[in-house]
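With compact mmCIF, C-alpha atoms inside, this is target30.txt:
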# COMPACT_ATOMS: atom_id res chain seq x y z
CA MET M 1 35.75 2.33 14.20
CA LEU M 2 33.09 -0.13 13.04
CA SER M 3 29.50 1.06 12.97
CA VAL M 4 27.15 -0.92 15.18
CA SER M 5 23.60 -1.89 14.29
CA TYR M 6 21.40 -2.07 17.39
CA GLU M 7 18.72 -4.20 15.79
CA ASN M 8 17.40 -7.51 17.09
CA LEU M 9 19.23 -10.72 16.28
CA ASP M 10 16.42 -11.74 13.91
CA GLU M 11 17.20 -8.89 11.52
CA SER M 12 17.68 -11.28 8.60
CA THR M 13 14.24 -12.78 9.24
CA PHE M 14 12.73 -9.29 9.44
CA ASP M 15 14.32 -8.30 6.11
CA GLU M 16 13.21 -11.54 4.48
CA GLN M 17 9.60 -11.10 5.60
CA SER M 18 9.50 -7.41 4.69
CA GLN M 19 10.95 -8.14 1.27
CA ALA M 20 8.42 -10.94 0.69
CA LEU M 21 5.55 -8.62 1.62
CA GLU M 22 6.91 -6.02 -0.81
CA LYS M 23 7.02 -8.59 -3.62
CA PHE M 24 3.51 -9.85 -2.96
CA HIS M 25 2.25 -6.25 -2.87
CA ASN M 26 3.78 -5.80 -6.34
CA ARG M 27 2.16 -9.11 -7.43
CA ASP M 28 5.50 -10.89 -7.59
CA TYR M 29 4.86 -14.43 -6.35
CA SER M 30 8.41 -15.75 -6.30
CA PRO M 31 8.42 -16.14 -2.44
CA ALA M 32 5.54 -18.61 -2.78
CA LEU M 33 7.53 -20.62 -5.32
CA THR M 34 10.45 -20.73 -2.88
CA GLU M 35 8.16 -22.12 -0.18
CA LEU M 36 6.72 -24.65 -2.64
CA LYS M 37 10.24 -25.95 -3.33
CA LYS M 38 10.76 -26.41 0.41
CA MET M 39 7.53 -28.38 0.77
CA PHE M 40 8.07 -30.57 -2.28
CA PRO M 41 11.84 -30.76 -2.99
CA GLN M 42 11.39 -33.47 -5.61
CA SER M 43 8.00 -32.93 -7.23
CA TRP M 44 7.59 -29.13 -7.14
CA LYS M 45 8.12 -28.90 -10.90
CA ASN M 46 4.99 -30.99 -11.44
CA ILE M 47 2.80 -28.69 -9.30
CA GLN M 48 1.26 -25.67 -10.96
CA LEU M 49 1.50 -22.57 -8.76
CA ARG M 50 -1.96 -21.10 -8.26
CA THR M 51 -1.34 -17.44 -7.48
CA MET M 52 -3.81 -14.90 -6.13
CA PRO M 53 -3.34 -11.24 -5.06
CA PHE M 54 -4.30 -11.53 -1.38
CA ILE M 55 -1.71 -9.03 -0.06
CA TYR M 56 -2.41 -6.65 -2.94
CA SER M 57 -6.15 -6.75 -2.27
CA VAL M 58 -5.76 -6.23 1.48
CA ALA M 59 -3.42 -3.31 0.86
CA ARG M 60 -5.92 -1.67 -1.50
CA GLU M 61 -8.78 -2.26 0.92
CA LEU M 62 -6.99 -0.94 4.01
CA GLY M 63 -4.82 1.67 2.31
CA GLY M 64 -7.68 3.58 0.75
CA ALA M 65 -8.90 5.16 3.98
CA LEU M 66 -7.04 8.48 3.71
CA TYR M 67 -5.95 9.27 0.16
CA SER M 68 -8.53 7.63 -2.12
CA VAL M 69 -10.17 11.05 -2.34
CA GLU M 70 -7.93 14.09 -2.78
CA PRO M 71 -7.49 15.69 0.69
CA SER M 72 -7.81 19.42 1.25
CA ARG M 73 -4.47 21.04 2.10
CA ALA M 74 -4.10 24.49 3.63
CA PHE M 75 -0.63 26.00 3.96
CA ASP M 76 -0.89 28.14 7.08
CA GLY M 77 1.85 30.76 7.19
CA VAL M 78 2.03 31.36 3.43
CA GLN M 79 1.04 34.99 2.87
CA LEU M 80 1.38 35.56 -0.87
CA PRO M 81 -1.16 33.94 -3.23
CA GLU M 82 1.49 33.38 -5.92
CA ILE M 83 3.64 31.42 -3.45
CA GLU M 84 0.71 29.22 -2.49
CA ALA M 85 -0.07 28.68 -6.17
CA ALA M 86 3.57 27.61 -6.74
CA ILE M 87 3.35 25.18 -3.82
CA ARG M 88 0.16 23.62 -5.16
CA ARG M 89 1.75 23.23 -8.61
CA MET M 90 4.72 21.52 -6.96
CA TYR M 91 2.41 19.09 -5.14
CA GLU M 92 0.51 18.35 -8.33
CA ASP M 93 3.64 17.85 -10.45
CA THR M 94 5.19 15.59 -7.84
CA GLY M 95 1.99 13.55 -7.45
CA ILE M 96 2.02 13.76 -3.66
CA THR M 97 -1.50 12.40 -3.14
CA GLN M 98 -0.87 9.31 -5.29
CA THR M 99 2.46 8.74 -3.57
CA MET M 100 0.94 9.07 -0.09
CA ARG M 101 -1.82 6.64 -0.99
CA HIS M 102 0.79 4.08 -2.01
CA ALA M 103 2.70 4.80 1.20
CA HIS M 104 -0.47 4.17 3.20
CA GLU M 105 -0.89 0.81 1.48
CA VAL M 106 2.68 -0.15 2.37
CA LEU M 107 2.15 1.02 5.97
CA CYS M 108 -0.95 -1.15 6.33
CA ILE M 109 0.84 -4.35 5.32
CA GLN M 110 4.37 -3.61 6.61
CA SER M 111 3.59 -1.57 9.79
CA GLY M 112 6.23 0.89 8.58
CA VAL M 113 7.20 2.85 5.48
CA ALA M 114 9.83 5.42 4.46
CA LEU M 115 9.65 8.33 2.01
CA LEU M 116 12.82 9.37 0.19
CA CYS M 117 12.81 12.70 -1.71
CA LEU M 118 15.43 13.08 -4.45
CA PRO M 119 15.74 14.91 -7.79
CA ASP M 120 15.61 12.50 -10.72
CA THR M 121 19.07 13.47 -11.98
CA ALA M 122 21.72 16.08 -11.31
CA GLY M 123 20.32 19.49 -12.16
CA SER M 124 16.83 18.12 -12.80
CA SER M 125 13.93 20.26 -11.64
CA ARG M 126 11.73 17.22 -11.15
CA ILE M 127 11.69 15.79 -7.64
CA SER M 128 10.51 12.22 -7.01
CA VAL M 129 9.20 10.85 -3.74
CA HIS M 130 10.13 7.17 -3.42
CA VAL M 131 8.11 4.83 -1.19
CA LEU M 132 10.37 2.31 0.53
CA ALA M 133 9.60 -0.83 2.52
CA PRO M 134 11.33 -1.11 5.93
CA TRP M 135 13.86 -3.72 4.81
CA ARG M 136 15.42 -1.13 2.47
CA VAL M 137 16.07 1.49 5.17
CA LYS M 138 18.69 0.94 7.91
CA PRO M 139 19.39 3.65 10.50
CA GLU M 140 22.82 3.72 12.12
CA ARG M 141 21.97 4.69 15.69
CA GLU M 142 24.21 5.59 18.57
CA SER M 143 21.94 3.77 21.00
CA PRO M 144 19.02 1.32 20.82
CA LEU M 145 17.02 3.91 22.76
CA VAL M 146 17.01 6.30 19.78
CA LYS M 147 13.64 6.03 18.06
CA ASP M 148 13.10 9.51 16.56
CA ASP M 149 14.36 9.57 12.98
CA ARG M 150 15.40 13.22 13.38
CA SER M 151 18.02 12.09 15.93
CA ILE M 152 19.67 9.76 13.42
CA LYS M 153 22.50 11.33 11.45
CA LYS M 154 23.33 8.49 9.06
CA TRP M 155 21.10 6.19 7.03
CA ARG M 156 21.79 3.28 4.70
CA VAL M 157 19.12 2.91 2.00
CA ARG M 158 18.96 0.02 -0.47
CA LEU M 159 18.12 1.40 -3.93
CA PRO M 160 18.39 0.38 -7.60
CA ARG M 161 21.57 1.88 -9.06
CA ARG M 162 21.88 0.68 -12.63
CA GLU M 163 20.03 -1.32 -15.24
CA THR M 164 21.74 -3.61 -17.74
CA ILE M 165 20.81 -3.93 -21.39
CA TYR M 166 19.03 -7.17 -20.46
CA GLY M 167 16.76 -5.42 -17.97
CA THR M 168 18.50 -6.68 -14.83
CA ILE M 169 18.48 -4.20 -11.95
CA HIS M 170 21.53 -3.93 -9.70
CA GLU M 171 20.88 -2.54 -6.24
CA GLU M 172 23.35 -0.91 -3.85
CA ASP M 173 23.27 1.03 -0.59
CA LEU M 174 22.91 4.80 -0.67
CA ILE M 175 24.46 6.55 2.35
CA LEU M 176 22.58 9.62 3.56
CA THR M 177 23.81 12.21 6.05
CA ASP M 178 23.15 15.91 6.59
CA GLU M 179 26.39 16.70 4.73
CA THR M 180 26.71 14.07 1.98
CA ILE M 181 24.75 11.78 -0.34
CA THR M 182 26.94 8.99 -1.71
CA TRP M 183 26.82 5.35 -2.69
CA ALA M 184 28.38 2.79 -0.39
CA ASP M 185 31.56 2.72 -2.51
CA GLY M 186 32.02 6.46 -1.94
CA SER M 187 30.95 7.70 -5.37
CA PRO M 188 28.47 10.61 -5.29
CA LEU M 189 24.84 10.22 -6.30
CA TYR M 190 25.00 13.45 -8.30
CA GLU M 191 27.92 15.57 -9.53
CA THR M 192 29.38 16.04 -6.05
CA GLU M 193 28.90 14.23 -2.76
CA GLU M 194 27.58 17.36 -1.06
CA ASN M 195 24.02 17.29 0.32
CA PRO M 196 22.68 20.66 -0.93
CA ILE M 197 19.67 20.82 1.41
CA GLY M 198 21.61 20.27 4.65
CA MET M 199 19.28 17.56 6.00
CA VAL M 200 18.57 13.91 5.33
CA PRO M 201 15.72 13.84 2.77
CA LEU M 202 14.10 10.83 4.41
CA ILE M 203 10.86 10.50 6.38
CA THR M 204 9.71 7.41 8.26
CA ILE M 205 6.14 6.52 9.21
CA ARG M 206 5.57 3.77 11.77
CA ALA M 207 2.28 2.26 12.92
CA GLY M 208 3.71 0.87 16.14
CA GLU M 209 6.82 0.37 18.24
CA ARG M 210 9.11 -2.52 19.16
CA CYS M 211 11.40 -2.04 22.13
CA GLY M 212 15.03 -1.77 21.02
CA SER M 213 14.21 -1.86 17.30
CA PHE M 214 13.68 1.11 15.07
CA TRP M 215 11.04 -0.56 12.91
CA PRO M 216 7.97 -2.33 14.32
CA ALA M 217 7.49 -5.99 13.52
CA VAL M 218 6.11 -6.66 10.05
CA ASN M 219 2.63 -8.13 9.64
CA SER M 220 3.80 -11.71 9.36
CA ASP M 221 0.19 -12.91 9.79
CA LEU M 222 -0.71 -11.43 6.40
CA LEU M 223 2.42 -12.95 4.88
CA ASP M 224 1.59 -16.37 6.31
CA ALA M 225 -1.98 -16.09 5.03
CA GLN M 226 -0.78 -15.18 1.51
CA ILE M 227 1.65 -18.10 1.38
CA ALA M 228 -0.85 -20.52 2.92
CA LEU M 229 -3.50 -19.48 0.41
CA ILE M 230 -1.26 -20.03 -2.61
CA LEU M 231 0.27 -23.28 -1.36
CA SER M 232 -3.05 -24.68 -0.20
CA TYR M 233 -4.75 -24.22 -3.54
CA SER M 234 -1.64 -25.27 -5.47
CA ASP M 235 -1.49 -28.43 -3.36
CA LEU M 236 -5.22 -28.96 -3.78
CA GLY M 237 -4.92 -28.58 -7.54
CA ALA M 238 -2.14 -31.16 -7.60
CA ILE M 239 -4.20 -33.53 -5.45
CA ILE M 240 -7.24 -33.27 -7.69
CA HIS M 241 -5.13 -33.62 -10.82
CA ALA M 242 -3.10 -36.58 -9.54
CA GLN M 243 -5.73 -38.43 -7.51
CA GLY M 244 -9.07 -37.26 -8.79
CA TRP M 245 -9.03 -39.92 -11.47
CA GLY M 246 -8.94 -43.60 -10.51
CA GLN M 247 -5.53 -45.25 -10.67
CA ARG M 248 -5.71 -48.52 -12.60
CA VAL M 249 -3.90 -51.25 -10.68
CA LEU M 250 -3.12 -54.91 -11.29
CA THR M 251 -2.10 -56.76 -8.12
CA GLY M 252 -1.03 -60.24 -7.23
CA GLY M 253 2.74 -60.19 -7.68
CA GLY M 254 5.90 -58.47 -6.48
CA MET M 255 7.43 -55.41 -8.03
CA ASP M 256 10.15 -53.03 -6.91
CA ALA M 257 8.70 -49.71 -5.67
CA SER M 258 11.23 -47.72 -7.70
CA GLU M 259 9.77 -49.17 -10.90
CA ILE M 260 6.19 -48.09 -10.20
CA GLN M 261 4.90 -45.40 -12.55
CA VAL M 262 1.65 -43.64 -11.66
CA GLY M 263 -0.61 -41.49 -13.79
CA PRO M 264 -3.92 -41.49 -15.62
CA ASP M 265 -2.32 -43.15 -18.64
CA THR M 266 -0.43 -45.81 -16.70
CA VAL M 267 -1.36 -49.33 -15.55
CA LEU M 268 0.52 -50.98 -12.65
CA ASN M 269 1.03 -54.44 -14.08
CA LEU M 270 2.19 -57.12 -11.62
CA GLU M 271 3.06 -60.43 -13.26
CA GLU M 272 1.70 -63.07 -10.84
CA ASN M 273 -1.98 -63.68 -9.98
CA HIS M 274 -3.31 -60.52 -11.55
CA ASP M 275 -6.14 -58.73 -9.80
CA PHE M 276 -7.38 -55.54 -11.51
CA LYS M 277 -8.95 -52.67 -9.50
CA ILE M 278 -9.20 -48.87 -9.51
CA VAL M 279 -7.91 -46.90 -6.50
CA SER M 280 -8.75 -43.24 -5.85
CA GLY M 281 -6.77 -41.21 -3.33
CA ALA M 282 -9.22 -38.37 -2.79
CA ASP M 283 -12.99 -37.95 -2.72
CA ASN M 284 -15.32 -34.98 -2.81
CA ASN M 285 -15.56 -34.76 0.98
CA THR M 286 -11.78 -34.50 1.28
CA VAL M 287 -11.60 -31.70 -1.27
CA LYS M 288 -14.54 -29.87 0.32
CA GLY M 289 -12.97 -30.06 3.79
CA PHE M 290 -9.68 -28.79 2.38
CA ILE M 291 -11.35 -25.74 0.85
CA GLU M 292 -13.46 -24.99 3.94
CA SER M 293 -10.40 -25.14 6.19
CA THR M 294 -8.47 -22.71 3.97
CA GLU M 295 -11.33 -20.23 3.65
CA SER M 296 -12.07 -20.36 7.37
CA PHE M 297 -8.45 -19.46 8.11
CA LEU M 298 -8.55 -16.56 5.64
CA ARG M 299 -11.79 -15.19 7.06
CA LEU M 300 -10.31 -15.19 10.55
CA VAL M 301 -7.14 -13.39 9.41
CA LEU M 302 -9.16 -10.78 7.51
CA SER M 303 -11.53 -10.11 10.39
CA GLN M 304 -8.62 -9.64 12.80
CA ASN M 305 -7.21 -7.03 10.40
CA LYS M 306 -10.53 -5.13 10.29
CA VAL M 307 -11.43 -6.24 6.77
CA ASP M 308 -14.89 -7.59 6.04
CA PRO M 309 -14.17 -11.02 4.49
CA SER M 310 -17.11 -10.60 2.12
CA ALA M 311 -15.28 -7.63 0.56
CA LEU M 312 -12.54 -9.94 -0.75
CA MET M 313 -14.17 -13.39 -0.83
CA SER M 314 -17.64 -12.66 -2.20
CA SER M 315 -19.03 -10.68 -5.10
CA GLY M 316 -22.52 -9.84 -3.93
CA ALA M 317 -22.74 -9.79 -0.13
CA TYR M 318 -20.70 -6.67 0.50
CA THR M 319 -23.49 -4.18 1.13
CA ALA M 320 -23.45 -0.50 2.04
CA ALA M 321 -24.48 -1.46 5.58
CA SER M 322 -21.54 -3.81 6.04
CA ARG M 323 -19.16 -1.12 4.74
CA ILE M 324 -20.49 1.35 7.32
CA VAL M 325 -19.91 -1.15 10.14
CA GLU M 326 -16.44 -1.93 8.80
CA ARG M 327 -15.47 1.77 8.70
CA ALA M 328 -16.51 2.08 12.33
CA ASP M 329 -14.28 -0.87 13.27
CA ARG M 330 -11.31 0.72 11.51
CA MET M 331 -11.75 4.17 13.03
CA GLN M 332 -9.10 3.75 15.75
CA GLU M 333 -6.36 2.65 13.38
CA LYS M 334 -7.43 5.29 10.88
CA LEU M 335 -6.93 8.03 13.49
CA ILE M 336 -3.47 6.64 14.36
CA HIS M 337 -2.45 6.60 10.70
CA GLN M 338 -3.95 10.05 10.14
CA LYS M 339 -1.77 11.63 12.83
CA ALA M 340 1.31 9.90 11.44
CA PHE M 341 0.64 11.12 7.90
CA GLU M 342 -0.09 14.68 9.04
CA ARG M 343 3.35 14.76 10.68
CA ALA M 344 4.93 13.22 7.57
CA GLU M 345 3.31 15.75 5.22
CA ASN M 346 4.67 18.66 7.25
CA ARG M 347 8.19 17.26 7.06
CA LEU M 348 7.70 16.44 3.39
CA PHE M 349 6.83 20.07 2.62
CA GLY M 350 10.08 21.25 4.22
CA ILE M 351 12.18 18.78 2.22
CA LEU M 352 10.46 19.58 -1.08
CA SER M 353 10.91 23.31 -0.47
CA ARG M 354 14.61 22.88 0.29
CA TRP M 355 15.17 20.82 -2.87
CA THR M 356 13.29 23.41 -4.97
CA ASN M 357 15.39 26.25 -3.55
CA ALA M 358 18.63 24.28 -4.04
CA ILE M 359 17.77 23.48 -7.66
CA ARG M 360 16.80 27.09 -8.47
CA GLY M 361 19.84 28.48 -6.68
CA PHE M 362 17.87 30.98 -4.60
CA SER M 363 15.05 30.99 -2.05
CA VAL M 364 11.77 30.38 -3.87
CA LEU M 365 9.63 28.63 -1.29
CA PRO M 366 9.54 29.06 2.50
CA THR M 367 11.28 26.30 4.46
CA GLY M 368 9.99 27.25 7.91
CA GLY M 369 7.01 28.81 9.61
CA VAL M 370 4.52 26.89 7.44
CA ASN M 371 2.04 24.38 8.79
CA VAL M 372 0.43 22.00 6.32
CA ARG M 373 -3.10 21.53 7.60
CA ILE M 374 -4.85 18.55 6.03
CA GLU M 375 -8.50 17.66 5.93
CA TYR M 376 -9.10 14.11 4.77
CA HIS M 377 -12.19 13.09 2.82
CA GLU M 378 -13.64 9.69 2.20
CA PHE M 379 -16.11 8.58 -0.42
CA THR M 380 -19.08 6.91 1.23
CA GLN M 381 -21.78 4.99 -0.58
CA PRO M 382 -25.14 6.42 0.57
CA PHE M 383 -27.02 3.84 2.63
CA ASP M 384 -30.28 5.81 2.37
CA PRO M 385 -29.82 8.68 -0.14
CA LEU M 386 -33.15 10.37 0.68
CA HIS M 387 -32.63 10.51 4.45
CA GLU M 388 -28.97 11.47 4.07
CA SER M 389 -30.00 14.39 1.84
CA GLN M 390 -32.54 15.51 4.41
CA ALA M 391 -29.96 15.20 7.20
CA SER M 392 -27.53 17.28 5.16
CA GLN M 393 -30.14 20.00 4.75
CA ILE M 394 -30.93 19.99 8.48
CA ARG M 395 -27.24 20.30 9.38
CA ALA M 396 -26.91 23.29 7.06
CA GLU M 397 -30.05 25.01 8.37
CA SER M 398 -29.07 24.45 12.02
CA GLY M 399 -25.59 25.86 11.45
CA LEU M 400 -23.76 22.63 12.36
CA GLU M 401 -22.15 22.43 8.91
CA SER M 402 -22.35 24.83 6.00
CA ILE M 403 -23.14 23.84 2.43
CA VAL M 404 -19.59 24.87 1.52
CA GLU M 405 -18.12 22.43 4.05
CA GLN M 406 -20.35 19.64 2.77
CA ILE M 407 -19.30 20.24 -0.84
CA ALA M 408 -15.63 20.31 0.21
CA LYS M 409 -15.95 16.96 1.99
CA GLU M 410 -17.96 15.31 -0.75
CA ARG M 411 -15.65 16.36 -3.58
CA GLY M 412 -12.34 16.43 -1.72
CA ILE M 413 -11.59 20.07 -2.50
CA SER M 414 -10.71 23.15 -0.48
CA LYS M 415 -13.37 25.43 0.98
CA ASP M 416 -12.51 28.21 -1.47
CA GLU M 417 -13.02 25.82 -4.37
CA ALA M 418 -16.24 24.54 -2.78
CA ARG M 419 -17.50 28.11 -2.40
CA GLN M 420 -16.88 28.69 -6.10
CA VAL M 421 -18.76 25.48 -6.96
CA LEU M 422 -21.70 26.58 -4.82
CA GLU M 423 -21.84 30.01 -6.49
CA GLU M 424 -21.74 28.44 -9.96
CA ASN M 425 -24.52 25.99 -9.07
CA LEU M 426 -26.70 28.74 -7.60
CA GLU M 427 -26.16 30.86 -10.71
CA ILE M 428 -27.24 27.95 -12.92
CA GLN M 429 -30.36 27.48 -10.80
CA ARG M 430 -31.21 31.20 -11.11
CA ARG M 431 -30.91 31.00 -14.89
CA ILE M 432 -33.12 27.93 -15.03
CA ARG M 433 -35.80 29.56 -12.89
CA ALA M 434 -35.63 32.72 -14.99
CA ASN M 435 -36.20 30.71 -18.17
CA GLN M 436 -39.14 28.86 -16.63
CA GLU M 437 -41.02 32.03 -15.53
CA PRO M 438 -43.96 32.85 -17.84
CA THR M 439 -43.65 35.98 -19.91
CA ALA M 440 -45.87 38.92 -18.91
CA THR M 441 -48.94 39.44 -21.14
CA LEU M 442 -51.71 42.02 -21.28
CA GLU M 443 -55.09 40.77 -20.19
CA VAL M 444 -58.07 42.14 -22.09
CA VAL M 445 -60.95 43.07 -19.80
File written out as structure tokens:
Amino acid sequence: MLSVSYENLDESTFDEQSQALEKFHNRDYSPALTELKKMFPQSWKNIQLRTMPFIYSVARELGGALYSVEPSRAFDGVQLPEIEAAIRRMYEDTGITQTMRHAHEVLCIQSGVALLCLPDTAGSSRISVHVLAPWRVKPERESPLVKDDRSIKKWRVRLPRRETIYGTIHEEDLILTDETITWADGSPLYETEENPIGMVPLITIRAGERCGSFWPAVNSDLLDAQIALILSYSDLGAIIHAQGWGQRVLTGGGMDASEIQVGPDTVLNLEENHDFKIVSGADNNTVKGFIESTESFLRLVLSQNKVDPSALMSSGAYTAASRIVERADRMQEKLIHQKAFERAENRLFGILSRWTNAIRGFSVLPTGGVNVRIEYHEFTQPFDPLHESQASQIRAESGLESIVEQIAKERGISKDEARQVLEENLEIQRRIRANQEPTATLEVV
């Protein structure tokens, strides 16, 4: 029986757009070159591609809301300190925070992202968490009404399989089920095709929904803006280069159009009744209008995506005040993403624990009854350091927020670590005051 994909009929367009966004995020500008060839089938070789990291910059700007500062993680349900210490070592070795930050960047530009947890090789104790764009992950659903990834028993994931001696990467589909992990040709990923953890080691995070489709629509507006930006300035560069100088022309006779050669080092010489003049195809007003139109479009796209245009298009106007206003505008989407990542981190802990136990051959870490509680922190540039310091002191004295909680938020550490920092700082202050006190002396009366 053939498997059925209940995706929309524009699946190829979705994959193409998602793949293009992935390439631009990795600063691979080949999709822009493809579009340039479509615009100028004959003369594209003579146009220099002017690339710029628009998608990359937007991803960094939007994707830094949650994991730029190390979040505080509490593992509720873990009783033994040595087990918690082992879990924290696992998170540090695996680089979970860095991986989740990258996943947040992908989510912001793709509207969806998947996390795949696999050991590096058979028998390896190192587990890697791979961040995948939506075009790489295809669920095989029994119905288009299925939207919870836990209800899907079979997944098809596009992954690199081998690398040639010339550096070329060959990609194939990896088939994931609760029972097996194999390549599409049936060969196992590791020594056997058995899935040792008994569950699909895949987590999906989605920023929205699309009726009938598993993945939400990609942010094609950002893709269009990236392509428009590159093509506009590439076209403008070609215009200035080809028409900025005056074309020397001799008129007065007939000449076949196919014989005309243009360029700064070429004269159009017509044999009869010569009349020499210089023709220019573009002026300063045309170039200025071209640039203003492009930048106006980019500013509108950025503002609709809750990014202050001055953050990406200016070097000096992005003040602390504008950043505060921008954070307030992003708060709603930040809360949506925060809930999605909290759910993903809880599932991620279960998968990592199962892989660790399977690799060791016995139960090392708990796989159930543990809740990963996350407290996110964000670095904020003080708008008024003096008044913010006074406000912090008032909050501590009124009992609204302890000094320990403030240190934990500011440094992105747990409360226990913040308490230790506070004790060390207070001890240093006591030593300084003790050294500054005058020594007692006898006064002669």
* **Nearby residues (all atoms listed in the file) at most 9 Å from M:Gly369, same-chain spacing under 2 positions excluded, as a PyMOL selection string** => chain M and resi 76-78+366-367+371
Residues of the last selection are to be written out with C-alpha atoms, as a PDB file, keeping the file's coordinate frame.
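out02.pdb was written with the following content:
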ATOM      1  CA  ASP M  76      -0.890  28.140   7.080  1.00  0.00           C
ATOM      2  CA  GLY M  77       1.850  30.760   7.190  1.00  0.00           C
ATOM      3  CA  VAL M  78       2.030  31.360   3.430  1.00  0.00           C
ATOM      4  CA  PRO M 366       9.540  29.060   2.500  1.00  0.00           C
ATOM      5  CA  THR M 367      11.280  26.300   4.460  1.00  0.00           C
ATOM      6  CA  ASN M 371       2.040  24.380   8.790  1.00  0.00           C
TER       7      ASN M 371
END
* Asked: Hey, can you check how far atom CA of M:Gln332 sits from atom CA of M:Tyr376?
  -> 15.1 Å
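Coordinates place atom CA of M:Gln98 at a distance of 14.6 Å from atom CA of M:Ala344.
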For M:Asp15, find every residue with an atom within 8 Å (counting all atoms listed in the file), except residues of its own chain fewer than 3 positions away, and show them as an mmCIF file with C-alpha atoms, keeping the file's coordinate frame.
data_model
loop_
_atom_site.group_PDB
_atom_site.id
_atom_site.type_symbol
_atom_site.label_atom_id
_atom_site.label_comp_id
_atom_site.auth_asym_id
_atom_site.auth_seq_id
_atom_site.Cartn_x
_atom_site.Cartn_y
_atom_site.Cartn_z
ATOM 1 C CA GLU M 11 17.200 -8.890 11.520
ATOM 2 C CA SER M 12 17.680 -11.280 8.600
ATOM 3 C CA SER M 18 9.500 -7.410 4.690
ATOM 4 C CA GLN M 19 10.950 -8.140 1.270
ATOM 5 C CA PRO M 134 11.330 -1.110 5.930
ATOM 6 C CA TRP M 135 13.860 -3.720 4.810
#
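Once M:Ser220 and its same-chain neighbours fewer than 6 positions away are set aside, M:Gln17, M:Ser18, M:Leu21, M:Ile109, M:Gln110 remain within 9 Å of it when counting only C-alpha atoms.
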What does the file look like for those residues with C-alpha atoms, as a PDB file, keeping the file's coordinate frame?
ATOM      1  CA  GLN M  17       9.600 -11.100   5.600  1.00  0.00           C
ATOM      2  CA  SER M  18       9.500  -7.410   4.690  1.00  0.00           C
ATOM      3  CA  LEU M  21       5.550  -8.620   1.620  1.00  0.00           C
ATOM      4  CA  ILE M 109       0.840  -4.350   5.320  1.00  0.00           C
ATOM      5  CA  GLN M 110       4.370  -3.610   6.610  1.00  0.00           C
TER       6      GLN M 110
END
* Structure fact -> From atom CA of M:Gln406 to atom CA of M:Gly63 the spacing works out at 23.8 Å
* Pick out the closest residue to M:Asn346 from this set: M:Glu193, M:Leu223, M:Asp185, M:Arg73. Count all atoms listed in the file. =>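 Using all atoms listed in the file, the shortest distance to M:Asn346 belongs to M:Arg73.
Of the residues under consideration (M:Ser57, M:Ser128, M:Ser111, M:Thr99), M:Ser111 shows the shortest atom-to-atom contact distance to M:Pro216 when counting all atoms listed in the file.
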* **Close residues, stretch 100-107 of chain M itself excluded, 9 Å, only C-alpha atoms, min 5 positions apart in chain, as a VMD selection string** => chain M and resid 21 to 22 25 56 58 to 68 95 112 to 115 131 to 133 205 to 207 337 341 345
Go ahead and write the selection's residues with C-alpha atoms as an mmCIF file, keeping the file's coordinate frame.
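Written file, again-v4.cif:
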data_model
loop_
_atom_site.group_PDB
_atom_site.id
_atom_site.type_symbol
_atom_site.label_atom_id
_atom_site.label_comp_id
_atom_site.auth_asym_id
_atom_site.auth_seq_id
_atom_site.Cartn_x
_atom_site.Cartn_y
_atom_site.Cartn_z
ATOM 1 C CA LEU M 21 5.550 -8.620 1.620
ATOM 2 C CA GLU M 22 6.910 -6.020 -0.810
ATOM 3 C CA HIS M 25 2.250 -6.250 -2.870
ATOM 4 C CA TYR M 56 -2.410 -6.650 -2.940
ATOM 5 C CA VAL M 58 -5.760 -6.230 1.480
ATOM 6 C CA ALA M 59 -3.420 -3.310 0.860
ATOM 7 C CA ARG M 60 -5.920 -1.670 -1.500
ATOM 8 C CA GLU M 61 -8.780 -2.260 0.920
ATOM 9 C CA LEU M 62 -6.990 -0.940 4.010
ATOM 10 C CA GLY M 63 -4.820 1.670 2.310
ATOM 11 C CA GLY M 64 -7.680 3.580 0.750
ATOM 12 C CA ALA M 65 -8.900 5.160 3.980
ATOM 13 C CA LEU M 66 -7.040 8.480 3.710
ATOM 14 C CA TYR M 67 -5.950 9.270 0.160
ATOM 15 C CA SER M 68 -8.530 7.630 -2.120
ATOM 16 C CA GLY M 95 1.990 13.550 -7.450
ATOM 17 C CA GLY M 112 6.230 0.890 8.580
ATOM 18 C CA VAL M 113 7.200 2.850 5.480
ATOM 19 C CA ALA M 114 9.830 5.420 4.460
ATOM 20 C CA LEU M 115 9.650 8.330 2.010
ATOM 21 C CA VAL M 131 8.110 4.830 -1.190
ATOM 22 C CA LEU M 132 10.370 2.310 0.530
ATOM 23 C CA ALA M 133 9.600 -0.830 2.520
ATOM 24 C CA ILE M 205 6.140 6.520 9.210
ATOM 25 C CA ARG M 206 5.570 3.770 11.770
ATOM 26 C CA ALA M 207 2.280 2.260 12.920
ATOM 27 C CA HIS M 337 -2.450 6.600 10.700
ATOM 28 C CA PHE M 341 0.640 11.120 7.900
ATOM 29 C CA GLU M 345 3.310 15.750 5.220
#
* **From M:Ser389, M:Thr168, M:Ser124, M:Ser72, residue lying nearest M:Ala408 [all atoms listed in the file]** =>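 With all atoms listed in the file as the atom set, the closest residue is M:Ser72.
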* Would you mind telling me which residue in M:Ile432, M:Ile336, M:Ile55, M:Ile197 lies nearest to M:Thr356 when using only C-alpha atoms? =>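 Under the stated criterion, the closest residue is M:Ile197.
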* Asked: Hey, which of M:Asn195, M:Ser234, M:Thr13, M:Asn435 ends up closest to M:Glu35? Count only C-alpha atoms.
  ->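 That would be M:Ser234, the residue with the smallest distance to M:Glu35.
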